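Student: Have a peek at coords.cif (mmCIF, C-alpha atoms and all ligand atoms).
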data_query
#
loop_
_atom_site.label_atom_id
_atom_site.label_comp_id
_atom_site.auth_asym_id
_atom_site.auth_seq_id
_atom_site.Cartn_x
_atom_site.Cartn_y
_atom_site.Cartn_z
CA MET A 1098 150.03 66.28 87.24
CA ARG A 1099 153.04 63.96 87.61
CA ARG A 1100 156.27 65.87 88.22
CA SER A 1101 159.66 64.91 86.78
CA THR A 1102 162.70 64.16 88.94
CA ASP A 1103 164.00 67.60 88.00
CA GLU A 1104 160.81 69.32 89.09
CA LEU A 1105 160.72 67.36 92.34
CA ALA A 1106 164.28 68.54 93.08
CA LYS A 1107 163.11 72.16 92.78
CA MET A 1108 160.10 71.52 94.97
CA ARG A 1109 162.40 69.94 97.54
CA LYS A 1110 164.34 73.24 97.63
CA ALA A 1111 161.17 75.30 98.06
CA GLY A 1112 160.10 72.93 100.83
CA LYS A 1113 163.38 73.47 102.67
CA VAL A 1114 162.81 77.23 102.70
CA VAL A 1115 159.31 76.73 104.10
CA ALA A 1116 160.69 74.35 106.75
CA GLU A 1117 163.15 77.04 107.78
CA MET A 1118 160.33 79.60 107.99
CA HIS A 1119 158.61 77.19 110.37
CA GLU A 1120 161.74 76.64 112.43
CA LYS A 1121 162.51 80.36 112.80
CA THR A 1122 158.95 81.48 113.55
CA ARG A 1123 158.37 78.60 115.98
CA ALA A 1124 161.50 79.58 117.91
CA ALA A 1125 160.18 83.16 118.24
CA ILE A 1126 156.67 82.33 119.47
CA ARG A 1127 156.22 83.59 123.03
CA PRO A 1128 153.85 85.84 124.97
CA GLY A 1129 154.40 89.48 123.93
CA ILE A 1130 155.47 89.04 120.31
CA THR A 1131 153.19 90.41 117.59
CA THR A 1132 152.07 88.49 114.54
CA ALA A 1133 153.67 91.22 112.40
CA GLU A 1134 157.03 90.42 114.02
CA LEU A 1135 156.57 86.73 113.15
CA ASP A 1136 155.85 87.75 109.56
CA GLN A 1137 159.09 89.75 109.45
CA ILE A 1138 161.07 86.75 110.73
CA ALA A 1139 159.60 84.59 107.94
CA HIS A 1140 160.23 87.34 105.38
CA ASP A 1141 163.90 87.43 106.40
CA VAL A 1142 164.21 83.70 105.68
CA ILE A 1143 162.72 84.16 102.21
CA ASP A 1144 165.12 87.02 101.46
CA ARG A 1145 168.17 85.23 102.87
CA ARG A 1146 167.43 82.12 100.75
CA GLY A 1147 166.79 84.10 97.57
CA ALA A 1148 163.25 82.72 97.42
CA THR A 1149 160.04 84.63 96.67
CA SER A 1150 156.75 84.66 98.50
CA ASN A 1151 153.67 82.97 97.08
CA PHE A 1152 151.49 84.55 99.80
CA LEU A 1153 152.49 88.22 99.46
CA GLY A 1154 150.18 89.81 96.89
CA TYR A 1155 148.08 86.63 96.46
CA HIS A 1156 144.67 88.19 95.70
CA GLY A 1157 146.11 91.20 97.54
CA PHE A 1158 147.25 89.35 100.70
CA PRO A 1159 149.64 91.75 102.51
CA ALA A 1160 152.14 89.37 104.20
CA VAL A 1161 154.35 86.29 103.64
CA ILE A 1162 152.62 84.17 106.31
CA CYS A 1163 149.12 83.75 107.70
CA THR A 1164 148.77 84.02 111.48
CA SER A 1165 145.56 82.62 112.95
CA PRO A 1166 145.17 82.60 116.75
CA ASN A 1167 142.74 80.53 118.84
CA ASP A 1168 139.30 80.30 117.16
CA MET A 1169 140.74 81.57 113.86
CA ILE A 1170 141.03 78.64 111.44
CA VAL A 1171 143.10 80.09 108.59
CA HIS A 1172 144.11 83.18 106.59
CA GLY A 1173 144.71 85.57 109.49
CA ILE A 1174 146.64 88.70 108.52
CA PRO A 1175 149.78 89.45 110.57
CA GLY A 1176 149.55 92.76 112.39
CA ARG A 1177 149.37 94.29 115.84
CA TYR A 1178 147.91 91.23 117.56
CA VAL A 1179 150.09 90.44 120.59
CA LEU A 1180 150.38 86.74 121.45
CA GLU A 1181 149.23 85.96 124.98
CA GLU A 1182 150.12 83.19 127.38
CA GLY A 1183 147.66 80.35 126.77
CA ASP A 1184 146.94 81.20 123.11
CA ILE A 1185 147.39 78.75 120.30
CA ILE A 1186 148.61 80.20 117.01
CA SER A 1187 148.43 78.70 113.52
CA ILE A 1188 151.21 79.79 111.17
CA ASP A 1189 150.93 79.09 107.43
CA CYS A 1190 154.04 79.67 105.31
CA GLY A 1191 154.89 79.40 101.62
CA ALA A 1192 157.80 80.05 99.28
CA ILE A 1193 158.75 79.79 95.60
CA VAL A 1194 162.18 78.57 94.45
CA GLU A 1195 163.04 78.35 90.73
CA GLY A 1196 159.35 78.62 89.89
CA TYR A 1197 158.21 75.80 92.19
CA HIS A 1198 156.08 76.18 95.29
CA GLY A 1199 156.13 74.94 98.88
CA ASP A 1200 153.29 75.41 101.37
CA ALA A 1201 153.06 74.23 104.98
CA ALA A 1202 151.45 75.17 108.29
CA TYR A 1203 151.61 74.33 111.97
CA THR A 1204 149.84 75.26 115.18
CA ALA A 1205 151.91 76.03 118.26
CA PRO A 1206 151.25 76.79 121.91
CA VAL A 1207 152.05 80.24 123.31
CA GLY A 1208 153.59 79.64 126.73
CA THR A 1209 151.56 77.23 128.84
CA ILE A 1210 148.24 76.18 127.30
CA SER A 1211 145.25 74.17 128.52
CA ALA A 1212 145.28 70.37 128.25
CA GLU A 1213 142.32 70.63 125.85
CA ALA A 1214 144.19 72.98 123.52
CA ALA A 1215 147.27 70.76 123.62
CA ARG A 1216 145.15 67.74 122.72
CA LEU A 1217 143.58 69.56 119.76
CA ILE A 1218 147.05 70.43 118.43
CA GLN A 1219 148.28 66.86 118.89
CA VAL A 1220 145.24 65.27 117.22
CA THR A 1221 145.43 67.65 114.24
CA ASP A 1222 149.12 66.84 113.78
CA ASP A 1223 148.31 63.12 114.11
CA SER A 1224 145.56 63.44 111.47
CA LEU A 1225 148.09 64.85 109.01
CA GLU A 1226 150.57 62.06 109.77
CA ALA A 1227 147.83 59.47 109.21
CA ALA A 1228 147.03 61.11 105.87
CA ILE A 1229 150.68 61.11 104.81
CA LYS A 1230 150.83 57.33 105.38
CA GLU A 1231 148.08 56.93 102.76
CA MET A 1232 150.09 58.80 100.12
CA VAL A 1233 151.43 55.82 98.22
CA ASP A 1234 151.20 54.93 94.54
CA GLY A 1235 147.94 53.10 93.81
CA ASN A 1236 145.85 54.52 96.66
CA ARG A 1237 142.96 56.89 95.84
CA LEU A 1238 142.76 60.63 96.47
CA SER A 1239 139.93 60.29 99.00
CA ASP A 1240 142.04 57.95 101.16
CA ILE A 1241 143.90 61.11 102.28
CA GLY A 1242 140.84 62.97 103.54
CA HIS A 1243 139.33 59.83 104.99
CA ALA A 1244 142.43 59.36 107.16
CA VAL A 1245 142.23 62.97 108.42
CA GLN A 1246 138.53 62.72 109.19
CA SER A 1247 138.86 59.35 110.95
CA VAL A 1248 141.54 60.59 113.35
CA ALA A 1249 139.86 63.95 114.05
CA GLU A 1250 136.35 62.58 114.60
CA ALA A 1251 137.56 59.64 116.72
CA ALA A 1252 138.92 62.29 119.09
CA GLY A 1253 135.55 64.09 119.19
CA TYR A 1254 136.54 66.95 116.88
CA SER A 1255 135.24 68.10 113.50
CA VAL A 1256 136.98 68.88 110.21
CA VAL A 1257 136.37 72.03 108.20
CA ARG A 1258 134.63 71.48 104.84
CA GLU A 1259 134.88 74.87 103.11
CA TYR A 1260 138.68 74.99 102.96
CA VAL A 1261 140.75 72.12 101.61
CA GLY A 1262 144.19 70.96 100.54
CA HIS A 1263 145.39 71.02 96.95
CA ALA A 1264 147.85 69.81 94.39
CA ILE A 1265 150.90 72.08 94.18
CA GLY A 1266 153.71 72.67 91.70
CA THR A 1267 154.24 75.67 89.43
CA ALA A 1268 151.27 77.28 91.18
CA MET A 1269 150.43 77.15 94.87
CA HIS A 1270 146.87 75.93 94.29
CA GLU A 1271 146.50 73.37 91.53
CA GLU A 1272 143.78 70.84 90.79
CA PRO A 1273 142.64 68.55 92.23
CA GLN A 1274 141.50 69.79 95.61
CA VAL A 1275 142.21 67.52 98.59
CA PRO A 1276 139.32 67.60 101.10
CA ASN A 1277 139.90 66.63 104.72
CA TYR A 1278 136.90 64.28 104.75
CA GLY A 1279 135.24 61.59 102.67
CA ASP A 1280 134.82 57.88 102.08
CA PRO A 1281 137.95 55.88 101.25
CA GLY A 1282 138.76 54.46 97.81
CA LYS A 1283 137.26 57.26 95.70
CA GLY A 1284 138.65 59.69 93.15
CA PRO A 1285 141.77 59.57 90.99
CA LYS A 1286 144.59 57.15 91.70
CA LEU A 1287 147.63 58.53 93.49
CA ARG A 1288 150.72 58.06 91.34
CA THR A 1289 154.45 58.54 91.74
CA GLY A 1290 155.27 62.17 90.92
CA HIS A 1291 152.06 63.65 92.29
CA VAL A 1292 152.60 66.41 94.85
CA PHE A 1293 149.91 67.60 97.26
CA ALA A 1294 149.65 70.15 100.04
CA VAL A 1295 147.57 68.27 102.62
CA GLU A 1296 146.20 70.54 105.33
CA PRO A 1297 143.79 69.37 108.00
CA MET A 1298 141.85 72.18 109.73
CA VAL A 1299 140.35 70.66 112.87
CA ASN A 1300 137.83 72.38 115.16
CA ALA A 1301 137.26 71.53 118.80
CA GLY A 1302 133.53 72.25 118.25
CA GLY A 1303 131.44 72.16 115.09
CA PRO A 1304 132.79 72.32 111.51
CA GLU A 1305 131.02 75.56 110.53
CA THR A 1306 133.12 78.59 109.58
CA ARG A 1307 132.62 82.34 109.38
CA ALA A 1308 134.67 84.93 107.46
CA LEU A 1309 135.56 88.19 109.23
CA LYS A 1310 135.08 91.67 107.77
CA ASP A 1311 138.69 91.87 106.59
CA ASN A 1312 137.60 89.32 103.96
CA TRP A 1313 140.54 87.04 104.85
CA SER A 1314 140.30 85.78 108.42
CA VAL A 1315 138.17 82.64 108.82
CA VAL A 1316 137.00 81.70 112.33
CA THR A 1317 134.93 78.88 113.80
CA ALA A 1318 131.23 79.81 113.80
CA ASP A 1319 130.83 78.57 117.38
CA GLY A 1320 133.97 80.27 118.73
CA SER A 1321 135.71 76.97 119.50
CA LEU A 1322 139.46 76.54 119.07
CA SER A 1323 140.87 75.41 115.73
CA ALA A 1324 144.22 73.92 114.69
CA HIS A 1325 145.87 73.65 111.26
CA PHE A 1326 148.75 71.50 110.06
CA GLU A 1327 150.01 71.25 106.49
CA HIS A 1328 152.86 69.71 104.55
CA THR A 1329 153.84 69.58 100.90
CA ILE A 1330 154.26 65.89 100.12
CA ALA A 1331 155.36 63.98 97.02
CA ILE A 1332 154.37 60.41 96.19
CA THR A 1333 157.55 58.57 95.26
CA ASP A 1334 158.56 54.99 94.49
CA ASN A 1335 159.83 54.85 98.07
CA GLY A 1336 156.57 56.12 99.58
CA PRO A 1337 155.60 59.63 100.66
CA GLU A 1338 158.35 62.28 100.80
CA VAL A 1339 157.57 65.32 102.95
CA PHE A 1340 159.33 68.31 101.34
CA THR A 1341 158.47 70.79 104.10
CA ARG A 1342 159.75 68.79 107.07
CA ALA A 1343 162.88 70.20 108.75
MG MG B 1401 149.31 76.78 103.50
MG MG B 1402 147.82 75.09 101.21
#
How does this structure look as structure tokens?

Tutor:
Amino acid sequence: MRRSTDELAKMRKAGKVVAEMHEKTRAAIRPGITTAELDQIAHDVIDRRGATSNFLGYHGFPAVICTSPNDMIVHGIPGRYVLEEGDIISIDCGAIVEGYHGDAAYTAPVGTISAEAARLIQVTDDSLEAAIKEMVDGNRLSDIGHAVQSVAEAAGYSVVREYVGHAIGTAMHEEPQVPNYGDPGKGPKLRTGHVFAVEPMVNAGGPETRALKDNWSVVTADGSLSAHFEHTIAITDNGPEVFTRA
């Protein structure tokens, strides 16, 4: 769906709240903090900005962020897990302002991490940036996923298939889905006013996933590390505009 200037202005506001959730949680990440404490920090931002959470209560999800350490890909539930030196932690945040949604994620190091883990984080971030460059009027939807897959696989990594990005607006998850793989030049044309949450999930090993017994947490089937980056991005006449960037 193509959003009006007015709608884009509201999504820009929601994006700013999500960017602040990133900024505040990122600043707090250190060995010894629990994922529940990170959730509280993000919750405080939502409250202070008069926003509401699109995660809390989503199919019963109990928190305002997802916290997914190490081999966990996405959808981890904040709780008693204590971050350890050498972990990587993926934080996914969302917020609603005036009925419009923002959604974005990042993976951060906890203290000093291995060179391999640092490279995985960097490549996943790079794959998102490559995808964003494709988000111009006239390109095709699959150009986004093709860019992600090209960067990730060139580095020797794999992209998750079962979980994908999405259009976003008055709901967090709107159609169409935005896979992180595929051939270029396929699918609907990208047009000014389209807004997508693009979210590469990149595994150091194979692409296969496994859901844990809590029915939320998704981990890599082979136990390899996984990283996740996401932004909410609009296609404008001046190129891509990233709403969730600080
Ligand atoms: Mg997200
Ligand atoms: Mg998303």

Student: In the coordinate frame of the file, compute which residues have an atom within 10 Å of (149.9, 89.1, 122.2) when using only C-alpha atoms, and state them as a PyMOL selection string.

Tutor: chain A and resi 1126-1132+1166+1177-1182+1184+1207

Student: Dump the neighbourhood of ligand MG 1401 (chain B) as a list in words: all residues within 6 Å, distances computed on all atoms listed in the file.

Tutor: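 Written in the requested form, the residues are Asp1189, Cys1190, Asp1200, Ala1201 and Ala1202 of chain A.
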
Student: Could you save those same residues with C-alpha atoms as a PDB file, in the frame of the given file?

Tutor:
ATOM      1  CA  ASP A1189     150.930  79.090 107.430  1.00  0.00           C
ATOM      2  CA  CYS A1190     154.040  79.670 105.310  1.00  0.00           C
ATOM      3  CA  ASP A1200     153.290  75.410 101.370  1.00  0.00           C
ATOM      4  CA  ALA A1201     153.060  74.230 104.980  1.00  0.00           C
ATOM      5  CA  ALA A1202     151.450  75.170 108.290  1.00  0.00           C
TER       6      ALA A1202
END

Student: Could the residues of chain A that have an atom at most 7 Å from ligand MG 1402 (chain B) be listed as a Markdown table, each with its closest atom pair and the distance in Å to one decimal, counting only C-alpha atoms and all ligand atoms and ordered by chain and ascending residue number?

Tutor:
| residue | atom | partner | partner_atom | distance |
| --- | --- | --- | --- | --- |
| A:Asp1200 | CA | B:MG1402 | MG | 5.5 |
| A:Ala1201 | CA | B:MG1402 | MG | 6.5 |
| A:Gly1262 | CA | B:MG1402 | MG | 5.5 |
| A:His1263 | CA | B:MG1402 | MG | 6.4 |
| A:Ala1294 | CA | B:MG1402 | MG | 5.4 |
| A:Val1295 | CA | B:MG1402 | MG | 7.0 |
| A:Glu1296 | CA | B:MG1402 | MG | 6.3 |
| A:Glu1327 | CA | B:MG1402 | MG | 6.9 |

Student: Hey, can you check how far CA of Gly1199 in chain A sits from CA of Glu1231 in chain A?

Tutor: 20.1 Å

Student: Of the residues A:Arg1237, A:Arg1307, A:His1140, A:Lys1113, which is the one nearest to His1172 in chain A, using all atoms listed in the file?

Tutor: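 With all atoms listed in the file as the atom set, the closest residue is A:Arg1307.
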
Student: Quick one, how far is CA of Tyr1155 in chain A from CA of Ala1139 in chain A?

Tutor: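 Result for CA of Tyr1155 in chain A versus CA of Ala1139 in chain A: 16.4 Å, one decimal.
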
Student: Compare A:Met1108, A:Cys1163, A:Met1298, A:Ile1185 by their minimum atom-to-atom distance to Ala1331 in chain A, counting only C-alpha atoms, and give me the closest one.

Tutor: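 Among the listed residues, the smallest separation from Ala1331 in chain A belongs to A:Met1108.
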
Student: Looking at only C-alpha atoms, which of A:Ile1143, A:Met1169, A:Ala1324, A:Ala1268 is the one that sits closest to Val1220 in chain A?

Tutor: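 Residue with the minimum atom-to-atom distance to Val1220 in chain A: A:Ala1324.
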
Student: Which one is closest to Pro1304 in chain A: A:Ile1210, A:Leu1322, A:Ile1218, A:Val1292? Count all atoms listed in the file.

Tutor: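 Of A:Ile1210, A:Leu1322, A:Ile1218, A:Val1292, the one nearest Pro1304 in chain A is A:Leu1322, counting all atoms listed in the file.
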
Student: Can you tell me, as an MDAnalysis selection string, what residues are no more than 10 Å from Asp1136 in chain A when counting only C-alpha atoms, ignoring any on the same chain fewer than 2 positions away?

Tutor: chainID A and resid 1118 1122 1131:1134 1138:1141 1160:1164 1174:1176 1188 1190

Student: Which residue gives the smallest distance to Ala1116 in chain A among A:Asn1335, A:Thr1149, A:Ser1255, A:Thr1329, with all atoms listed in the file counted?

Tutor: A:Thr1329

Student: Using only C-alpha atoms, which residues sit within 10 Å of Asp1334 in chain A once same-chain residues fewer than 6 positions away are excluded, as JSON, numbers by chain?

Tutor: {"A": [1233, 1234, 1288, 1289, 1290]}

Student: Which one of A:Val1245, A:Leu1309, A:Val1299, A:Val1261 sits closest to Ser1321 in chain A if you count only C-alpha atoms?

Tutor: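 Among the listed residues, A:Val1299 lies closest to Ser1321 in chain A.
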
Student: So what do you get for CA of Ala1192 in chain A versus CA of Asp1311 in chain A, distance-wise?

Tutor: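 Between CA of Ala1192 in chain A and CA of Asp1311 in chain A the gap works out to 23.6 Å.
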
Student: Missing atoms in range 1305-1316 of chain A: fill them in up to all heavy atoms and send the result as a PDB file, keeping the file's coordinate frame.

Tutor:
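Wrote result27.pdb, looks like this:
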ATOM      1  N   GLU A1305     131.444  74.362 111.256  1.00  0.00           N
ATOM      2  CA  GLU A1305     131.020  75.560 110.530  1.00  0.00           C
ATOM      3  C   GLU A1305     132.031  76.702 110.676  1.00  0.00           C
ATOM      4  O   GLU A1305     132.638  76.876 111.733  1.00  0.00           O
ATOM      5  CB  GLU A1305     129.649  76.034 111.002  1.00  0.00           C
ATOM      6  CG  GLU A1305     128.527  75.048 110.736  1.00  0.00           C
ATOM      7  CD  GLU A1305     128.445  73.919 111.758  1.00  0.00           C
ATOM      8  OE1 GLU A1305     129.099  74.021 112.826  1.00  0.00           O
ATOM      9  OE2 GLU A1305     127.745  72.924 111.485  1.00  0.00           O
ATOM     10  N   THR A1306     132.138  77.502 109.622  1.00  0.00           N
ATOM     11  CA  THR A1306     133.120  78.590 109.580  1.00  0.00           C
ATOM     12  C   THR A1306     132.405  79.922 109.326  1.00  0.00           C
ATOM     13  O   THR A1306     131.264  79.956 108.875  1.00  0.00           O
ATOM     14  CB  THR A1306     134.141  78.379 108.455  1.00  0.00           C
ATOM     15  OG1 THR A1306     133.489  78.554 107.190  1.00  0.00           O
ATOM     16  CG2 THR A1306     134.758  76.990 108.517  1.00  0.00           C
ATOM     17  N   ARG A1307     133.138  80.990 109.619  1.00  0.00           N
ATOM     18  CA  ARG A1307     132.620  82.340 109.380  1.00  0.00           C
ATOM     19  C   ARG A1307     133.803  83.203 108.958  1.00  0.00           C
ATOM     20  O   ARG A1307     134.880  83.125 109.557  1.00  0.00           O
ATOM     21  CB  ARG A1307     132.018  82.855 110.688  1.00  0.00           C
ATOM     22  CG  ARG A1307     131.322  84.192 110.619  1.00  0.00           C
ATOM     23  CD  ARG A1307     130.452  84.401 111.870  1.00  0.00           C
ATOM     24  NE  ARG A1307     131.260  84.469 113.095  1.00  0.00           N
ATOM     25  CZ  ARG A1307     131.849  85.580 113.551  1.00  0.00           C
ATOM     26  NH1 ARG A1307     131.734  86.710 112.884  1.00  0.00           N
ATOM     27  NH2 ARG A1307     132.541  85.560 114.673  1.00  0.00           N
ATOM     28  N   ALA A1308     133.603  84.020 107.911  1.00  0.00           N
ATOM     29  CA  ALA A1308     134.670  84.930 107.460  1.00  0.00           C
ATOM     30  C   ALA A1308     134.500  86.274 108.161  1.00  0.00           C
ATOM     31  O   ALA A1308     133.373  86.745 108.348  1.00  0.00           O
ATOM     32  CB  ALA A1308     134.599  85.108 105.954  1.00  0.00           C
ATOM     33  N   LEU A1309     135.620  86.882 108.571  1.00  0.00           N
ATOM     34  CA  LEU A1309     135.560  88.190 109.230  1.00  0.00           C
ATOM     35  C   LEU A1309     135.508  89.311 108.183  1.00  0.00           C
ATOM     36  O   LEU A1309     135.699  89.078 106.988  1.00  0.00           O
ATOM     37  CB  LEU A1309     136.759  88.375 110.163  1.00  0.00           C
ATOM     38  CG  LEU A1309     136.857  87.380 111.327  1.00  0.00           C
ATOM     39  CD1 LEU A1309     137.976  87.803 112.282  1.00  0.00           C
ATOM     40  CD2 LEU A1309     135.541  87.259 112.086  1.00  0.00           C
ATOM     41  N   LYS A1310     135.281  90.521 108.666  1.00  0.00           N
ATOM     42  CA  LYS A1310     135.080  91.670 107.770  1.00  0.00           C
ATOM     43  C   LYS A1310     136.313  92.038 106.965  1.00  0.00           C
ATOM     44  O   LYS A1310     136.213  92.754 105.972  1.00  0.00           O
ATOM     45  CB  LYS A1310     134.620  92.880 108.595  1.00  0.00           C
ATOM     46  CG  LYS A1310     133.180  92.791 109.062  1.00  0.00           C
ATOM     47  CD  LYS A1310     132.578  94.177 109.282  1.00  0.00           C
ATOM     48  CE  LYS A1310     131.130  94.082 109.713  1.00  0.00           C
ATOM     49  NZ  LYS A1310     131.024  93.657 111.146  1.00  0.00           N
ATOM     50  N   ASP A1311     137.500  91.570 107.390  1.00  0.00           N
ATOM     51  CA  ASP A1311     138.690  91.870 106.590  1.00  0.00           C
ATOM     52  C   ASP A1311     138.724  91.043 105.305  1.00  0.00           C
ATOM     53  O   ASP A1311     139.630  91.186 104.488  1.00  0.00           O
ATOM     54  CB  ASP A1311     139.979  91.677 107.412  1.00  0.00           C
ATOM     55  CG  ASP A1311     140.213  90.226 107.843  1.00  0.00           C
ATOM     56  OD1 ASP A1311     139.593  89.305 107.282  1.00  0.00           O
ATOM     57  OD2 ASP A1311     141.038  90.022 108.764  1.00  0.00           O
ATOM     58  N   ASN A1312     137.734  90.175 105.144  1.00  0.00           N
ATOM     59  CA  ASN A1312     137.600  89.320 103.960  1.00  0.00           C
ATOM     60  C   ASN A1312     138.684  88.264 103.825  1.00  0.00           C
ATOM     61  O   ASN A1312     138.793  87.597 102.792  1.00  0.00           O
ATOM     62  CB  ASN A1312     137.522  90.146 102.670  1.00  0.00           C
ATOM     63  CG  ASN A1312     136.147  90.757 102.506  1.00  0.00           C
ATOM     64  OD1 ASN A1312     135.143  90.127 102.832  1.00  0.00           O
ATOM     65  ND2 ASN A1312     136.103  91.995 102.032  1.00  0.00           N
ATOM     66  N   TRP A1313     139.524  88.095 104.833  1.00  0.00           N
ATOM     67  CA  TRP A1313     140.540  87.040 104.850  1.00  0.00           C
ATOM     68  C   TRP A1313     140.307  86.083 106.010  1.00  0.00           C
ATOM     69  O   TRP A1313     140.158  84.879 105.787  1.00  0.00           O
ATOM     70  CB  TRP A1313     141.956  87.645 104.951  1.00  0.00           C
ATOM     71  CG  TRP A1313     142.460  88.159 103.645  1.00  0.00           C
ATOM     72  CD1 TRP A1313     142.565  89.467 103.278  1.00  0.00           C
ATOM     73  CD2 TRP A1313     142.909  87.389 102.530  1.00  0.00           C
ATOM     74  NE1 TRP A1313     143.053  89.554 102.000  1.00  0.00           N
ATOM     75  CE2 TRP A1313     143.275  88.302 101.521  1.00  0.00           C
ATOM     76  CE3 TRP A1313     143.029  86.016 102.271  1.00  0.00           C
ATOM     77  CZ2 TRP A1313     143.771  87.877 100.285  1.00  0.00           C
ATOM     78  CZ3 TRP A1313     143.520  85.600 101.044  1.00  0.00           C
ATOM     79  CH2 TRP A1313     143.882  86.527 100.072  1.00  0.00           C
ATOM     80  N   SER A1314     140.325  86.621 107.221  1.00  0.00           N
ATOM     81  CA  SER A1314     140.300  85.780 108.420  1.00  0.00           C
ATOM     82  C   SER A1314     139.058  84.903 108.451  1.00  0.00           C
ATOM     83  O   SER A1314     137.942  85.388 108.276  1.00  0.00           O
ATOM     84  CB  SER A1314     140.319  86.648 109.666  1.00  0.00           C
ATOM     85  OG  SER A1314     141.343  87.609 109.584  1.00  0.00           O
ATOM     86  N   VAL A1315     139.274  83.600 108.693  1.00  0.00           N
ATOM     87  CA  VAL A1315     138.170  82.640 108.820  1.00  0.00           C
ATOM     88  C   VAL A1315     138.206  82.093 110.239  1.00  0.00           C
ATOM     89  O   VAL A1315     139.246  81.605 110.687  1.00  0.00           O
ATOM     90  CB  VAL A1315     138.317  81.495 107.812  1.00  0.00           C
ATOM     91  CG1 VAL A1315     137.196  80.480 107.982  1.00  0.00           C
ATOM     92  CG2 VAL A1315     138.362  82.025 106.386  1.00  0.00           C
ATOM     93  N   VAL A1316     137.073  82.174 110.943  1.00  0.00           N
ATOM     94  CA  VAL A1316     137.000  81.700 112.330  1.00  0.00           C
ATOM     95  C   VAL A1316     135.945  80.596 112.431  1.00  0.00           C
ATOM     96  O   VAL A1316     135.119  80.409 111.528  1.00  0.00           O
ATOM     97  CB  VAL A1316     136.666  82.841 113.314  1.00  0.00           C
ATOM     98  CG1 VAL A1316     137.753  83.904 113.302  1.00  0.00           C
ATOM     99  CG2 VAL A1316     135.303  83.458 112.999  1.00  0.00           C
TER     100      VAL A1316
END
